[in-house]
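Undergrad: Got a structure for you, questions after.
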Amino acid sequence: TTQEIYVTWNTFEETDSIVEYGIGGLVLTAAGTSKPFISIGADMQIQYIHKVKLPELIPDTKYLYHCGSDKGWSEEFWFSTPPGDSNWSPRLLVYGDLGSENGRSLPYLQEEVMSGKYHAVLHIGDFAYDMNTDSGRVGNDFMNQIQPIAGYLPYMTCPGNHEEAYNFSEYRNRFTMPGNTEGLWYSFNLGPIHFISISTEVYYFFDYGVKLLTGQYAWLEQDLKEATKPENRALQPWIIIYGHRPMYCSNANTDDCTNHETLTRVGLPYLHWFGMEKLLKDYGVDLAIWAHEHSYERLWPIYDYKVINGSDEPYRNPRAPIHITTGSAGCNEEHDWFGYTQPEWSAFRSVDYGYMRLQVHNYTHLYAEQVAVDLGGQVIDSIWLIRETHDPYTLAEIES
């Protein structure tokens with residue numbers, strides 16, 4: 001099998017879009033496209049967004065590359081392609097809510113990436129605060145800040161509420177994700193994992209029409225049907241979904257996730273159409289990762305506010321999906337504090353700034369840990385999730 005990757009960058013001048021790359025040196029050339037983009041603001045500054053696909057890459061191989069044109073080249077970067085089969089152990093860095101001010105986790109993340117241990121990053125919504133601010137200058141600053149991360153690893157994203165301006169135009173233009181929905185929702189496989197990225201924002205911003213909500217829901221159900229076909233789940237047994245706003249949280253605020261009727265969870269008010277929690281149950285989704293709350297919270301296995309632990313240990317063959325919120329990478333809005341009483345469904349919570357490391361060891365064992373940058377990179381929480389069979393969670397178990 002071969003693989004492909006996209007390289008995306010911005011310039012203020014209109015130039016060619018070229019990436020020179022190769023295994024031992026810059027011996028190959030790929031050309032792409034550029035399109036003008038204007039961040040709406042006081043001075044309507046125009047820039048050009050370049051996207052180049054590097055096709056037919058060899059699995060498990062390190063490539064060097066730089067991008068630009070005869071008018072100037074970037075510095076040299078590198079990336080490594082993953083192995084070609086599904087039987088290996090991916091490692092990822094995971095976080096949400098990283099701003100260009102107070103981005104506390106950035107130095108740690110940059111150092112992690114240089115270690116060469118990781119295969120991808122998941123940034124679970126809310127970038128820069130905000131990318132459109134000051135006619136896009138804050139977005140440009142932020143993209144420069146994440147370059148020491150996104151220049152070396154696939155930087156996989158989903159939209160958050162802070163990307164909403166002008167119908168998510170900054171998000172749609174600045175990031176290149178799989179599929180044809182401009183990165184609002186998509187899925188991809190990495191080793192034994194089927195990742196699904198969704199937009200929770202389609203439940204909240206109806207100025208852009210309800211069609212995004214219905215379209216995503218139909219797509220999600222179809223994607224889960226395909227992913228859970230026996231032949232597919234044999235190769236990618238782990239199904240991990242990520243989106244910006246959590247279905248559950250115990251923070252001391254008025255956010256939707258503090259209420260029982262979370263829109264993403266149960267669907268539209270009163271009608272309860274298009275709720276996603278039932279899909280997670282019916283298709284046996286293993287892990288749901290969220291952000292939005294500027295804190296970290298790990299839940300016990302949960303469905304409809306009922307804790308449904310595994311038979312002997314909570315996370316060994318749990319009988320409902322696991323939810324983790326990791327939205328404390330650091331931004332100018334600082335922390336979201338927790339309520340005084342910790343609900344029985346909440347296993348661990350912290351307001352330390354930080355990020356998550358995720359490793360799927362094999363077809364049955366997944367490990368995740370939360371790093372606190374306030375504590376010099378100390379691991380403050382960890383979980384082994386063990387599923388010997390990745391089956392749907394049945395209602396009989398849930399109602400027992």
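Residues in the structure tokens are numbered from 1 in each chain, the chains being A, B, ... in the order shown, and ligands are numbered from 1 in the order shown.
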Give me every helix (DSSP H, G or I) residue in segment 171-394 of chain A, going by DSSP on the backbone, as a PyMOL selection string.

TA: chain A and resi 171-174+200-203+206-208+211-227+230-235+256-258+263-266+277-282+373-375

Undergrad: List every residue of segment 194-308 of chain A that DSSP, applied to the backbone, labels as strand (DSSP E or B), and write the result as a list in words.

TA: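 Everything in segment 194-308 of chain A that counts as strand (DSSP E or B) is His194, Phe195, Ile196, Ser197, Trp238, Ile239, Ile240, Ile241, Tyr242, Asn251, Gly267, Phe274, Leu287, Ala288, Ile289, Trp290, Tyr296, Glu297, Arg298, Leu299, Ile302, Tyr303, Lys306 and Val307 of chain A.
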
Undergrad: Check which residues of segment 239-297 of chain A sit at most 9 Å from segment 150-174 of chain A using only C-alpha atoms, and return one row each with the closest pair of atoms and their distance in Å to one decimal, ordered by chain and rising number, as a Markdown table.

TA:
```
| residue | atom | partner | partner_atom | distance |
| --- | --- | --- | --- | --- |
| A:Tyr242 | CA | A:Cys158 | CA | 7.8 |
| A:Gly243 | CA | A:Cys158 | CA | 6.3 |
| A:His244 | CA | A:Gly160 | CA | 5.4 |
| A:Arg245 | CA | A:Gly160 | CA | 7.5 |
| A:Ala291 | CA | A:Gly160 | CA | 8.9 |
| A:His292 | CA | A:Gly160 | CA | 7.5 |
```

Undergrad: Which residue out of A:Gly310, A:Pro246, A:Gly376, A:Pro318 has the minimum interatomic distance to Val285 of chain A when only C-alpha atoms are used?

TA: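 For Val285 of chain A, the nearest of the candidates is A:Pro318.
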
Undergrad: Determine, counting only C-alpha atoms, which protein, DNA and RNA residues have an atom within 12 Å of an atom of Tyr48 of chain A; residues of the same chain fewer than 3 positions away are not included. Present the result as a VMD selection string.

TA: chain A and resid 8 to 17 33 to 39 45 51 68 140 173 to 174

Undergrad: Using C-alpha atoms, can you write the selected residues to a file as a short mmCIF file (atom, residue, chain, number, x, y, z; two decimals), in the first residue's frame?

TA:
```cif
data_model
loop_
_atom_site.label_atom_id
_atom_site.label_comp_id
_atom_site.auth_asym_id
_atom_site.auth_seq_id
_atom_site.Cartn_x
_atom_site.Cartn_y
_atom_site.Cartn_z
CA THR A 8 -0.50 23.46 3.48
CA TRP A 9 1.03 26.93 3.89
CA ASN A 10 0.21 30.62 3.39
CA THR A 11 1.96 33.45 1.55
CA PHE A 12 1.13 37.12 1.10
CA GLU A 13 2.21 37.06 -2.55
CA GLU A 14 0.74 34.93 -5.29
CA THR A 15 3.37 32.30 -6.11
CA ASP A 16 3.61 28.74 -7.38
CA SER A 17 2.80 25.94 -4.92
CA THR A 33 -2.84 24.79 -6.00
CA SER A 34 -3.20 28.12 -4.29
CA LYS A 35 -6.28 30.21 -3.70
CA PRO A 36 -6.76 33.73 -2.41
CA PHE A 37 -8.19 34.06 1.10
CA ILE A 38 -9.32 37.18 2.93
CA SER A 39 -9.79 37.29 6.69
CA GLN A 45 -5.68 41.71 3.83
CA LYS A 51 -2.11 22.97 -0.78
CA GLY A 68 7.62 27.30 -1.55
CA ASN A 140 -1.25 33.75 11.18
CA ASN A 173 -9.35 27.41 4.55
CA ARG A 174 -6.39 27.03 6.89
#
```

Undergrad: Could you tell me which of A:Ser328, A:Thr394, A:Thr341, A:Asn87 comes closest to Ile124 of chain A if we count only C-alpha atoms?

TA: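 Going through A:Ser328, A:Thr394, A:Thr341, A:Asn87 one by one, the smallest distance to Ile124 of chain A is for A:Ser328.
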
Undergrad: Mind checking which residues fall within 12 Å of Tyr21 of chain A, counting only C-alpha atoms, ignoring those fewer than 5 positions away in the same chain, and posting them as a ChimeraX atom specification?

TA: /A:5,7,26-31,52-55,57,62-68,76-79

Undergrad: I need the residue nearest Asp256 of chain A from this list: A:Asn332, A:Tyr283, A:Phe274, A:Tyr204. Use only C-alpha atoms for the distance.

TA: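 For Asp256 of chain A, the nearest of the given residues is A:Tyr204.
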
Undergrad: Env of segment 185-187 of chain A: 9 Å cut, atoms = only C-alpha atoms, seq-sep filter 6 positions within chain, self excluded. Answer as a tab-separated table (two decimals) with C-alpha atoms, in the first residue's frame.

TA:
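What landed in selection.tsv:
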```tsv
chain	number	residue	atom	x	y	z
A	158	CYS	CA	-12.10	19.54	14.21
A	159	PRO	CA	-13.94	22.87	14.43
A	177	MET	CA	-8.43	17.36	6.28
A	178	PRO	CA	-9.54	14.13	4.54
A	179	GLY	CA	-12.87	13.86	2.74
A	194	HIS	CA	-10.73	4.15	13.04
A	195	PHE	CA	-10.83	7.85	13.95
A	196	ILE	CA	-14.00	9.89	13.41
A	197	SER	CA	-13.85	13.69	13.60
A	198	ILE	CA	-17.16	15.52	13.95
A	199	SER	CA	-18.37	19.09	14.26
A	216	GLN	CA	-23.32	15.11	9.31
A	219	TRP	CA	-22.76	10.61	7.22
A	220	LEU	CA	-21.82	9.57	10.78
A	223	ASP	CA	-19.48	5.77	8.51
A	241	ILE	CA	-14.63	9.70	17.96
```
